[in-house]
Amino acid sequence: MKKELRRAVIAGNWKMNKTPSETKALIEEMKPLVADADCDVVLCVPFIDIPAAVEAAKGSNIKIGAENIHFKASGAYTGEISADMLKEAGVEYVVIGHSERRQYFGETDQTVNLRTLAAVNAGFKAIVCVGETLEQRELGYTETLLKYQTKMALTNVTAEQLKNVIIAYEPVWAIGTGVTATADQADEGNGFVRAAIAESYGTDVAETVTVQYGGSMNAKNADELLSKVNVDGGLIGGASLKAEDFSIIVKAASK
Ligand code: PGA
């Protein structure tokens with residue numbers, strides 16, 4: 001295991017929170033707190049907040065991401081946002097396949113794959129989410145499921161394109177529930193993801209891919225989670241809406 005081969009990435013996922021003016025205020029508050037981070041710092045924000053976020057983050061080490069991307073270049077897809085739109089807005093990262101998208105908006109492993117391809121083809125960094133439900137875990141399917149979701153998401157993604165892919169292991173039962181996976185469970189889940197990548201691309205490639213943990217990561221548990229060899233960063237929901245808490249997680253990843 002070679003953790004030093006991988007860049008730690010701490011990404012906030014704001015979900016459906018904050019208006020444009022609130023976005024500006026929160027990023028202004030965060031900027032000095034994360035300025036000396038020794039990891040990549042990303043904020044994935046609602047589409048409507050992107051211009052305010054890009055403007056507020058200008059000249060800082062904070063990169064801005066979107067929470068989704070459509071796989072078609074343009075057309076009759078009401079409510080969707082294309083790669084070109086995101087590019088012009090100054091977005092660098094996109095979250096794909098979040099469990100809330102899968103659960104509430106009908107995203108499938110196939111659409112997750114298409115969106116991942118659209119993102120890497122357009123030169124974005126894709127944060128692709130995978131994770132098991134509590135029922136799947138209790139049935140003993142965690143490893144099978146994580147490997148399947150990872151491989152499906154990466155279908156037709158080349159080794160070169162994989163350099164722009166981050167996988168976020170987010171056990172569904174830990175998201176927004178306050179129930180965090182133990183550090184060992186996070187490490188194990190991330191290890192299953194890395195093993196799936198190794199099966200498709202070889203061990204050397206797999207060792208270079210950043211695999212985040214997400215699901216109730218916070219200022220208190222980040223240190224322990226991020227100390228694990230397979231945990232290369234975090235995708236942070238609730239705690240990314242509080243400047244101080246988010247900056248503590250960034251500091252934990254910078255050690
Ligand atoms: P949470 O969300 O940190 O609020 O659990 C994580 C996520 O859904 O990415």
# chains A, B, ... in the order shown; residues from 1 in each chain; ligands from 1

$ residues_around --residues "A:Ala37" --least-positions-apart "6" --cutoff "10 Å" --atoms "only C-alpha atoms" --output "PyMOL selection string"
chain A and resi 10+61-62+247+250-255

$ closest_atom_pairs --of "chain A" --to "ligand 1" --cutoff "8 Å" --atoms "only C-alpha atoms and all ligand atoms" --output "JSON lines"
{"residue": "A:Gly12", "atom": "CA", "partner": "ligand 1", "partner_atom_place_in_ligand_line": "9 (O)", "distance": 7.5}
{"residue": "A:Asn13", "atom": "CA", "partner": "ligand 1", "partner_atom_place_in_ligand_line": "9 (O)", "distance": 5.5}
{"residue": "A:Lys15", "atom": "CA", "partner": "ligand 1", "partner_atom_place_in_ligand_line": "8 (O)", "distance": 7.7}
{"residue": "A:His98", "atom": "CA", "partner": "ligand 1", "partner_atom_place_in_ligand_line": "8 (O)", "distance": 7.0}
{"residue": "A:Ser99", "atom": "CA", "partner": "ligand 1", "partner_atom_place_in_ligand_line": "8 (O)", "distance": 7.4}
{"residue": "A:Glu100", "atom": "CA", "partner": "ligand 1", "partner_atom_place_in_ligand_line": "8 (O)", "distance": 7.6}
{"residue": "A:Glu170", "atom": "CA", "partner": "ligand 1", "partner_atom_place_in_ligand_line": "7 (C)", "distance": 6.9}
{"residue": "A:Ala174", "atom": "CA", "partner": "ligand 1", "partner_atom_place_in_ligand_line": "5 (O)", "distance": 6.0}
{"residue": "A:Ile175", "atom": "CA", "partner": "ligand 1", "partner_atom_place_in_ligand_line": "5 (O)", "distance": 3.5}
{"residue": "A:Gly176", "atom": "CA", "partner": "ligand 1", "partner_atom_place_in_ligand_line": "5 (O)", "distance": 3.5}
{"residue": "A:Thr177", "atom": "CA", "partner": "ligand 1", "partner_atom_place_in_ligand_line": "5 (O)", "distance": 6.2}
{"residue": "A:Gly178", "atom": "CA", "partner": "ligand 1", "partner_atom_place_in_ligand_line": "5 (O)", "distance": 6.7}
{"residue": "A:Thr180", "atom": "CA", "partner": "ligand 1", "partner_atom_place_in_ligand_line": "5 (O)", "distance": 7.8}
{"residue": "A:Gly214", "atom": "CA", "partner": "ligand 1", "partner_atom_place_in_ligand_line": "6 (C)", "distance": 5.0}
{"residue": "A:Gly215", "atom": "CA", "partner": "ligand 1", "partner_atom_place_in_ligand_line": "5 (O)", "distance": 3.7}
{"residue": "A:Ser216", "atom": "CA", "partner": "ligand 1", "partner_atom_place_in_ligand_line": "5 (O)", "distance": 3.5}
{"residue": "A:Met217", "atom": "CA", "partner": "ligand 1", "partner_atom_place_in_ligand_line": "3 (O)", "distance": 5.3}
{"residue": "A:Asn218", "atom": "CA", "partner": "ligand 1", "partner_atom_place_in_ligand_line": "3 (O)", "distance": 7.1}
{"residue": "A:Leu235", "atom": "CA", "partner": "ligand 1", "partner_atom_place_in_ligand_line": "9 (O)", "distance": 5.0}
{"residue": "A:Ile236", "atom": "CA", "partner": "ligand 1", "partner_atom_place_in_ligand_line": "3 (O)", "distance": 4.2}
{"residue": "A:Gly237", "atom": "CA", "partner": "ligand 1", "partner_atom_place_in_ligand_line": "2 (O)", "distance": 3.4}
{"residue": "A:Gly238", "atom": "CA", "partner": "ligand 1", "partner_atom_place_in_ligand_line": "4 (O)", "distance": 3.8}
{"residue": "A:Ala239", "atom": "CA", "partner": "ligand 1", "partner_atom_place_in_ligand_line": "3 (O)", "distance": 6.1}
{"residue": "A:Ser240", "atom": "CA", "partner": "ligand 1", "partner_atom_place_in_ligand_line": "3 (O)", "distance": 7.6}

$ write_last_selection --atoms "N, CA and C atoms" --output "PDB file, in the first residue's frame"
ATOM      1  N   GLY A  12     -16.130  19.161  -0.338  1.00  0.00           N
ATOM      2  CA  GLY A  12     -17.441  19.402   0.266  1.00  0.00           C
ATOM      3  C   GLY A  12     -18.522  19.106  -0.755  1.00  0.00           C
ATOM      4  N   ASN A  13     -19.605  18.536  -0.295  1.00  0.00           N
ATOM      5  CA  ASN A  13     -20.776  18.318  -1.140  1.00  0.00           C
ATOM      6  C   ASN A  13     -21.926  19.042  -0.450  1.00  0.00           C
ATOM      7  N   LYS A  15     -24.877  19.655  -1.426  1.00  0.00           N
ATOM      8  CA  LYS A  15     -26.228  19.145  -1.711  1.00  0.00           C
ATOM      9  C   LYS A  15     -27.167  20.326  -2.034  1.00  0.00           C
ATOM     10  N   HIS A  98     -23.968  10.108  -6.866  1.00  0.00           N
ATOM     11  CA  HIS A  98     -24.216  10.159  -5.424  1.00  0.00           C
ATOM     12  C   HIS A  98     -25.426   9.288  -5.096  1.00  0.00           C
ATOM     13  N   SER A  99     -25.414   8.670  -3.943  1.00  0.00           N
ATOM     14  CA  SER A  99     -26.512   7.738  -3.610  1.00  0.00           C
ATOM     15  C   SER A  99     -27.863   8.442  -3.591  1.00  0.00           C
ATOM     16  N   GLU A 100     -27.864   9.748  -3.301  1.00  0.00           N
ATOM     17  CA  GLU A 100     -29.152  10.467  -3.346  1.00  0.00           C
ATOM     18  C   GLU A 100     -29.657  10.581  -4.785  1.00  0.00           C
ATOM     19  N   GLU A 170     -19.070   5.701  -0.195  1.00  0.00           N
ATOM     20  CA  GLU A 170     -20.026   6.279   0.742  1.00  0.00           C
ATOM     21  C   GLU A 170     -21.088   5.253   1.113  1.00  0.00           C
ATOM     22  N   ALA A 174     -24.506   5.518   6.196  1.00  0.00           N
ATOM     23  CA  ALA A 174     -23.715   6.475   6.984  1.00  0.00           C
ATOM     24  C   ALA A 174     -23.912   7.912   6.515  1.00  0.00           C
ATOM     25  N   ILE A 175     -24.681   8.105   5.427  1.00  0.00           N
ATOM     26  CA  ILE A 175     -24.799   9.443   4.851  1.00  0.00           C
ATOM     27  C   ILE A 175     -25.869  10.251   5.562  1.00  0.00           C
ATOM     28  N   GLY A 176     -25.441  11.343   6.165  1.00  0.00           N
ATOM     29  CA  GLY A 176     -26.376  12.262   6.793  1.00  0.00           C
ATOM     30  C   GLY A 176     -27.076  11.686   8.014  1.00  0.00           C
ATOM     31  N   THR A 177     -26.588  10.559   8.489  1.00  0.00           N
ATOM     32  CA  THR A 177     -27.261   9.885   9.597  1.00  0.00           C
ATOM     33  C   THR A 177     -26.545  10.116  10.923  1.00  0.00           C
ATOM     34  N   GLY A 178     -25.313  10.629  10.840  1.00  0.00           N
ATOM     35  CA  GLY A 178     -24.521  10.751  12.057  1.00  0.00           C
ATOM     36  C   GLY A 178     -23.864   9.429  12.431  1.00  0.00           C
ATOM     37  N   THR A 180     -21.205   7.061  11.501  1.00  0.00           N
ATOM     38  CA  THR A 180     -20.037   6.974  10.630  1.00  0.00           C
ATOM     39  C   THR A 180     -19.586   5.525  10.578  1.00  0.00           C
ATOM     40  N   GLY A 214     -16.784   8.833   2.450  1.00  0.00           N
ATOM     41  CA  GLY A 214     -17.811   9.825   2.760  1.00  0.00           C
ATOM     42  C   GLY A 214     -18.947   9.192   3.545  1.00  0.00           C
ATOM     43  N   GLY A 215     -19.535   9.971   4.413  1.00  0.00           N
ATOM     44  CA  GLY A 215     -20.639   9.485   5.247  1.00  0.00           C
ATOM     45  C   GLY A 215     -20.386   9.908   6.680  1.00  0.00           C
ATOM     46  N   SER A 216     -20.957  11.076   7.036  1.00  0.00           N
ATOM     47  CA  SER A 216     -20.814  11.609   8.394  1.00  0.00           C
ATOM     48  C   SER A 216     -19.353  11.780   8.825  1.00  0.00           C
ATOM     49  N   MET A 217     -18.468  12.085   7.868  1.00  0.00           N
ATOM     50  CA  MET A 217     -17.112  12.467   8.284  1.00  0.00           C
ATOM     51  C   MET A 217     -17.223  13.863   8.875  1.00  0.00           C
ATOM     52  N   ASN A 218     -16.556  14.082  10.002  1.00  0.00           N
ATOM     53  CA  ASN A 218     -16.674  15.385  10.651  1.00  0.00           C
ATOM     54  C   ASN A 218     -15.374  15.776  11.329  1.00  0.00           C
ATOM     55  N   LEU A 235     -15.377  12.938   1.158  1.00  0.00           N
ATOM     56  CA  LEU A 235     -16.477  13.690   0.532  1.00  0.00           C
ATOM     57  C   LEU A 235     -17.406  14.040   1.693  1.00  0.00           C
ATOM     58  N   ILE A 236     -17.528  15.323   1.938  1.00  0.00           N
ATOM     59  CA  ILE A 236     -18.111  15.789   3.186  1.00  0.00           C
ATOM     60  C   ILE A 236     -19.424  16.510   2.911  1.00  0.00           C
ATOM     61  N   GLY A 237     -20.508  16.047   3.504  1.00  0.00           N
ATOM     62  CA  GLY A 237     -21.791  16.714   3.347  1.00  0.00           C
ATOM     63  C   GLY A 237     -21.976  17.759   4.433  1.00  0.00           C
ATOM     64  N   GLY A 238     -22.684  17.380   5.474  1.00  0.00           N
ATOM     65  CA  GLY A 238     -23.066  18.314   6.544  1.00  0.00           C
ATOM     66  C   GLY A 238     -21.926  19.173   7.066  1.00  0.00           C
ATOM     67  N   ALA A 239     -20.785  18.563   7.323  1.00  0.00           N
ATOM     68  CA  ALA A 239     -19.670  19.310   7.925  1.00  0.00           C
ATOM     69  C   ALA A 239     -19.022  20.299   6.951  1.00  0.00           C
ATOM     70  N   SER A 240     -19.372  20.199   5.654  1.00  0.00           N
ATOM     71  CA  SER A 240     -18.790  21.156   4.699  1.00  0.00           C
ATOM     72  C   SER A 240     -19.598  22.451   4.655  1.00  0.00           C
TER      73      SER A 240
END

$ residues_around --residues "stretch 134-138 of chain A" --least-positions-apart "5" --cutoff "8 Å" --atoms "only C-alpha atoms" --output "PyMOL selection string"
chain A and resi 145+171-173

$ write_last_selection --atoms "N, CA and C atoms" --output "PDB file, in the first residue's frame"
ATOM      1  N   LEU A 145     -20.857  -5.740  -4.215  1.00  0.00           N
ATOM      2  CA  LEU A 145     -21.560  -4.536  -4.674  1.00  0.00           C
ATOM      3  C   LEU A 145     -20.572  -3.420  -5.010  1.00  0.00           C
ATOM      4  N   PRO A 171     -20.897   4.566   2.234  1.00  0.00           N
ATOM      5  CA  PRO A 171     -21.947   3.632   2.655  1.00  0.00           C
ATOM      6  C   PRO A 171     -23.249   4.398   2.865  1.00  0.00           C
ATOM      7  N   VAL A 172     -24.304   3.953   2.210  1.00  0.00           N
ATOM      8  CA  VAL A 172     -25.557   4.717   2.215  1.00  0.00           C
ATOM      9  C   VAL A 172     -26.077   4.909   3.643  1.00  0.00           C
ATOM     10  N   TRP A 173     -25.852   3.914   4.477  1.00  0.00           N
ATOM     11  CA  TRP A 173     -26.347   3.973   5.857  1.00  0.00           C
ATOM     12  C   TRP A 173     -25.592   4.989   6.706  1.00  0.00           C
TER      13      TRP A 173
END

$ residues_around --residues "A:Thr142" --least-positions-apart "6" --cutoff "12 Å" --atoms "only C-alpha atoms" --output "number ranges by chain"
A: 130-136, 148-150, 169-172, 185-186, 188-193

$ write_last_selection --atoms "N, CA, C and O atoms" --output "mmCIF file, in the first residue's frame"
data_model
loop_
_atom_site.group_PDB
_atom_site.id
_atom_site.type_symbol
_atom_site.label_atom_id
_atom_site.label_comp_id
_atom_site.auth_asym_id
_atom_site.auth_seq_id
_atom_site.Cartn_x
_atom_site.Cartn_y
_atom_site.Cartn_z
ATOM 1 N N VAL A 130 -19.790 5.450 -4.867
ATOM 2 C CA VAL A 130 -20.299 4.080 -4.761
ATOM 3 C C VAL A 130 -20.596 3.804 -3.296
ATOM 4 O O VAL A 130 -20.066 4.485 -2.411
ATOM 5 N N GLY A 131 -21.439 2.820 -3.038
ATOM 6 C CA GLY A 131 -21.700 2.502 -1.634
ATOM 7 C C GLY A 131 -22.880 1.566 -1.480
ATOM 8 O O GLY A 131 -23.803 1.578 -2.293
ATOM 9 N N GLU A 132 -22.812 0.780 -0.418
ATOM 10 C CA GLU A 132 -23.854 -0.215 -0.169
ATOM 11 C C GLU A 132 -24.901 0.304 0.814
ATOM 12 O O GLU A 132 -24.610 1.142 1.657
ATOM 13 N N THR A 133 -26.113 -0.220 0.690
ATOM 14 C CA THR A 133 -27.153 0.086 1.678
ATOM 15 C C THR A 133 -26.928 -0.812 2.902
ATOM 16 O O THR A 133 -26.148 -1.777 2.847
ATOM 17 N N LEU A 134 -27.658 -0.505 3.961
ATOM 18 C CA LEU A 134 -27.532 -1.315 5.177
ATOM 19 C C LEU A 134 -27.964 -2.756 4.895
ATOM 20 O O LEU A 134 -27.319 -3.711 5.326
ATOM 21 N N GLU A 135 -29.044 -2.883 4.108
ATOM 22 C CA GLU A 135 -29.534 -4.227 3.787
ATOM 23 C C GLU A 135 -28.478 -5.027 3.024
ATOM 24 O O GLU A 135 -28.229 -6.202 3.328
ATOM 25 N N GLN A 136 -27.845 -4.383 2.047
ATOM 26 C CA GLN A 136 -26.810 -5.078 1.279
ATOM 27 C C GLN A 136 -25.637 -5.479 2.184
ATOM 28 O O GLN A 136 -25.079 -6.563 2.045
ATOM 29 N N TYR A 148 -18.708 -4.212 -8.154
ATOM 30 C CA TYR A 148 -19.594 -4.101 -9.311
ATOM 31 C C TYR A 148 -19.841 -2.634 -9.659
ATOM 32 O O TYR A 148 -19.679 -2.222 -10.821
ATOM 33 N N GLN A 149 -20.212 -1.839 -8.667
ATOM 34 C CA GLN A 149 -20.493 -0.418 -8.938
ATOM 35 C C GLN A 149 -19.253 0.291 -9.481
ATOM 36 O O GLN A 149 -19.342 1.118 -10.392
ATOM 37 N N THR A 150 -18.096 -0.030 -8.903
ATOM 38 C CA THR A 150 -16.853 0.611 -9.352
ATOM 39 C C THR A 150 -16.558 0.248 -10.809
ATOM 40 O O THR A 150 -16.289 1.121 -11.646
ATOM 41 N N TYR A 169 -16.097 6.245 -1.634
ATOM 42 C CA TYR A 169 -16.867 5.167 -1.014
ATOM 43 C C TYR A 169 -17.763 5.779 0.051
ATOM 44 O O TYR A 169 -17.274 6.327 1.032
ATOM 45 N N GLU A 170 -19.070 5.701 -0.195
ATOM 46 C CA GLU A 170 -20.026 6.279 0.742
ATOM 47 C C GLU A 170 -21.088 5.253 1.113
ATOM 48 O O GLU A 170 -22.081 5.085 0.374
ATOM 49 N N PRO A 171 -20.897 4.566 2.234
ATOM 50 C CA PRO A 171 -21.947 3.632 2.655
ATOM 51 C C PRO A 171 -23.249 4.398 2.865
ATOM 52 O O PRO A 171 -23.266 5.406 3.587
ATOM 53 N N VAL A 172 -24.304 3.953 2.210
ATOM 54 C CA VAL A 172 -25.557 4.717 2.215
ATOM 55 C C VAL A 172 -26.077 4.909 3.643
ATOM 56 O O VAL A 172 -26.604 5.961 3.988
ATOM 57 N N GLN A 185 -13.952 -0.078 8.883
ATOM 58 C CA GLN A 185 -14.955 -0.327 7.820
ATOM 59 C C GLN A 185 -14.686 0.569 6.610
ATOM 60 O O GLN A 185 -14.817 0.139 5.473
ATOM 61 N N ALA A 186 -14.318 1.822 6.873
ATOM 62 C CA ALA A 186 -14.011 2.745 5.772
ATOM 63 C C ALA A 186 -12.800 2.233 4.991
ATOM 64 O O ALA A 186 -12.807 2.192 3.757
ATOM 65 N N GLU A 188 -11.693 -0.799 4.812
ATOM 66 C CA GLU A 188 -12.037 -2.039 4.105
ATOM 67 C C GLU A 188 -12.827 -1.728 2.823
ATOM 68 O O GLU A 188 -12.519 -2.254 1.749
ATOM 69 N N GLY A 189 -13.832 -0.842 2.938
ATOM 70 C CA GLY A 189 -14.636 -0.481 1.767
ATOM 71 C C GLY A 189 -13.772 0.165 0.689
ATOM 72 O O GLY A 189 -13.863 -0.183 -0.495
ATOM 73 N N ASN A 190 -12.917 1.088 1.116
ATOM 74 C CA ASN A 190 -12.027 1.727 0.148
ATOM 75 C C ASN A 190 -11.091 0.693 -0.477
ATOM 76 O O ASN A 190 -10.754 0.782 -1.659
ATOM 77 N N GLY A 191 -10.694 -0.288 0.321
ATOM 78 C CA GLY A 191 -9.833 -1.360 -0.188
ATOM 79 C C GLY A 191 -10.545 -2.191 -1.250
ATOM 80 O O GLY A 191 -9.933 -2.589 -2.252
ATOM 81 N N PHE A 192 -11.846 -2.440 -1.062
ATOM 82 C CA PHE A 192 -12.614 -3.188 -2.074
ATOM 83 C C PHE A 192 -12.648 -2.390 -3.380
ATOM 84 O O PHE A 192 -12.522 -2.954 -4.469
ATOM 85 N N VAL A 193 -12.830 -1.084 -3.258
ATOM 86 C CA VAL A 193 -12.843 -0.224 -4.455
ATOM 87 C C VAL A 193 -11.485 -0.315 -5.162
ATOM 88 O O VAL A 193 -11.408 -0.502 -6.380
#

$ residues_around --residues "A:Ala53" --least-positions-apart "3" --cutoff "9 Å" --atoms "only C-alpha atoms" --output "PyMOL selection string"
chain A and resi 20+23-24+27+43+45+49-50+56-58+64

$ residues_around --residues "A:Arg194" --least-positions-apart "5" --cutoff "8 Å" --atoms "only C-alpha atoms" --output "PyMOL selection string"
chain A and resi 206-207+209+211

$ select_by_dssp --residues "stretch 51-141 of chain A" --states "strand (DSSP E or B)" --output "JSON, numbers by chain"
{"A": [62, 63, 64, 65, 66, 93, 94, 95, 96, 125, 126, 127, 128, 129, 130]}

$ atom_distance --atom1 "atom CA of A:Ser60" --atom2 "atom CA of A:Phe124"
18.9 Å

$ atom_distance --atom1 "atom CA of A:Tyr201" --atom2 "atom CA of A:Leu162"
9.3 Å

$ closest_atom_pairs --of "stretch 96-188 of chain A" --to "stretch 70-82 of chain A" --cutoff "12 Å" --atoms "only C-alpha atoms" --output "tab-separated table"
residue	atom	partner	partner_atom	distance
A:Ile96	CA	A:His70	CA	9.6
A:Gly97	CA	A:His70	CA	11.3
A:Phe105	CA	A:Gly79	CA	11.8
A:Glu107	CA	A:His70	CA	11.3
A:Gln110	CA	A:Phe71	CA	10.9
A:Thr111	CA	A:Phe71	CA	8.0
A:Val112	CA	A:Phe71	CA	9.2
A:Asn113	CA	A:Phe71	CA	9.1
A:Leu114	CA	A:Phe71	CA	5.7
A:Arg115	CA	A:Phe71	CA	4.8
A:Thr116	CA	A:Phe71	CA	8.0
A:Leu117	CA	A:Phe71	CA	7.6
A:Ala118	CA	A:Phe71	CA	5.1
A:Ala119	CA	A:Phe71	CA	7.9
A:Val120	CA	A:Phe71	CA	10.7
A:Asn121	CA	A:Phe71	CA	10.1
A:Ala122	CA	A:Ser82	CA	10.0
A:Phe124	CA	A:Ser82	CA	11.9

$ write_last_selection --atoms "C-alpha atoms" --output "CSV table (one decimal), in the first residue's frame"
chain,number,residue,atom,x,y,z
A,96,ILE,CA,-21.3,11.7,-10.1
A,97,GLY,CA,-23.6,8.9,-8.9
A,105,PHE,CA,-33.6,10.5,-9.2
A,107,GLU,CA,-29.6,7.2,-11.6
A,110,GLN,CA,-25.3,2.9,-16.7
A,111,THR,CA,-26.1,6.6,-16.4
A,112,VAL,CA,-23.3,6.9,-13.8
A,113,ASN,CA,-21.0,5.4,-16.3
A,114,LEU,CA,-22.2,7.7,-19.1
A,115,ARG,CA,-21.8,10.8,-16.9
A,116,THR,CA,-18.4,9.7,-15.8
A,117,LEU,CA,-17.3,9.3,-19.4
A,118,ALA,CA,-18.8,12.8,-20.3
A,119,ALA,CA,-16.9,14.3,-17.4
A,120,VAL,CA,-13.5,12.8,-18.2
A,121,ASN,CA,-13.9,13.4,-21.9
A,122,ALA,CA,-14.5,17.1,-21.1
A,124,PHE,CA,-13.1,17.5,-15.5

$ atom_distance --atom1 "atom CA of A:Leu226" --atom2 "atom CA of A:Asp187"
9.1 Å

$ closest_residue --among "A:Phe246, A:Pro46, A:Gln103, A:Thr203" --to "A:Asn17" --atoms "only C-alpha atoms"
A:Pro46

$ select_by_dssp --residues "stretch 8-203 of chain A" --states "helix (DSSP H, G or I)" --output "count of residues only"
96

$ residues_around --residues "A:Lys2" --least-positions-apart "2" --cutoff "8 Å" --atoms "only C-alpha atoms" --output "JSON, numbers by chain"
{"A": [4, 5, 6, 207, 229]}

$ write_last_selection --atoms "C-alpha atoms" --output "PDB file, in the first residue's frame"
ATOM      1  CA  GLU A   4       2.142   8.670  -0.621  1.00  0.00           C
ATOM      2  CA  LEU A   5       1.454   7.998  -4.318  1.00  0.00           C
ATOM      3  CA  ARG A   6      -1.974   9.583  -3.970  1.00  0.00           C
ATOM      4  CA  GLU A 207      -2.258   2.401  -6.134  1.00  0.00           C
ATOM      5  CA  VAL A 229      -3.967   3.561   4.395  1.00  0.00           C
TER       6      VAL A 229
END

$ closest_residue --among "A:Gly140, A:Gly106, A:Pro32, A:Pro51" --to "A:Gly65" --atoms "only C-alpha atoms"
A:Pro51

$ closest_residue --among "A:Asn230, A:Ala195, A:Tyr104, A:Ile48" --to "A:Ser21" --atoms "only C-alpha atoms"
A:Ile48
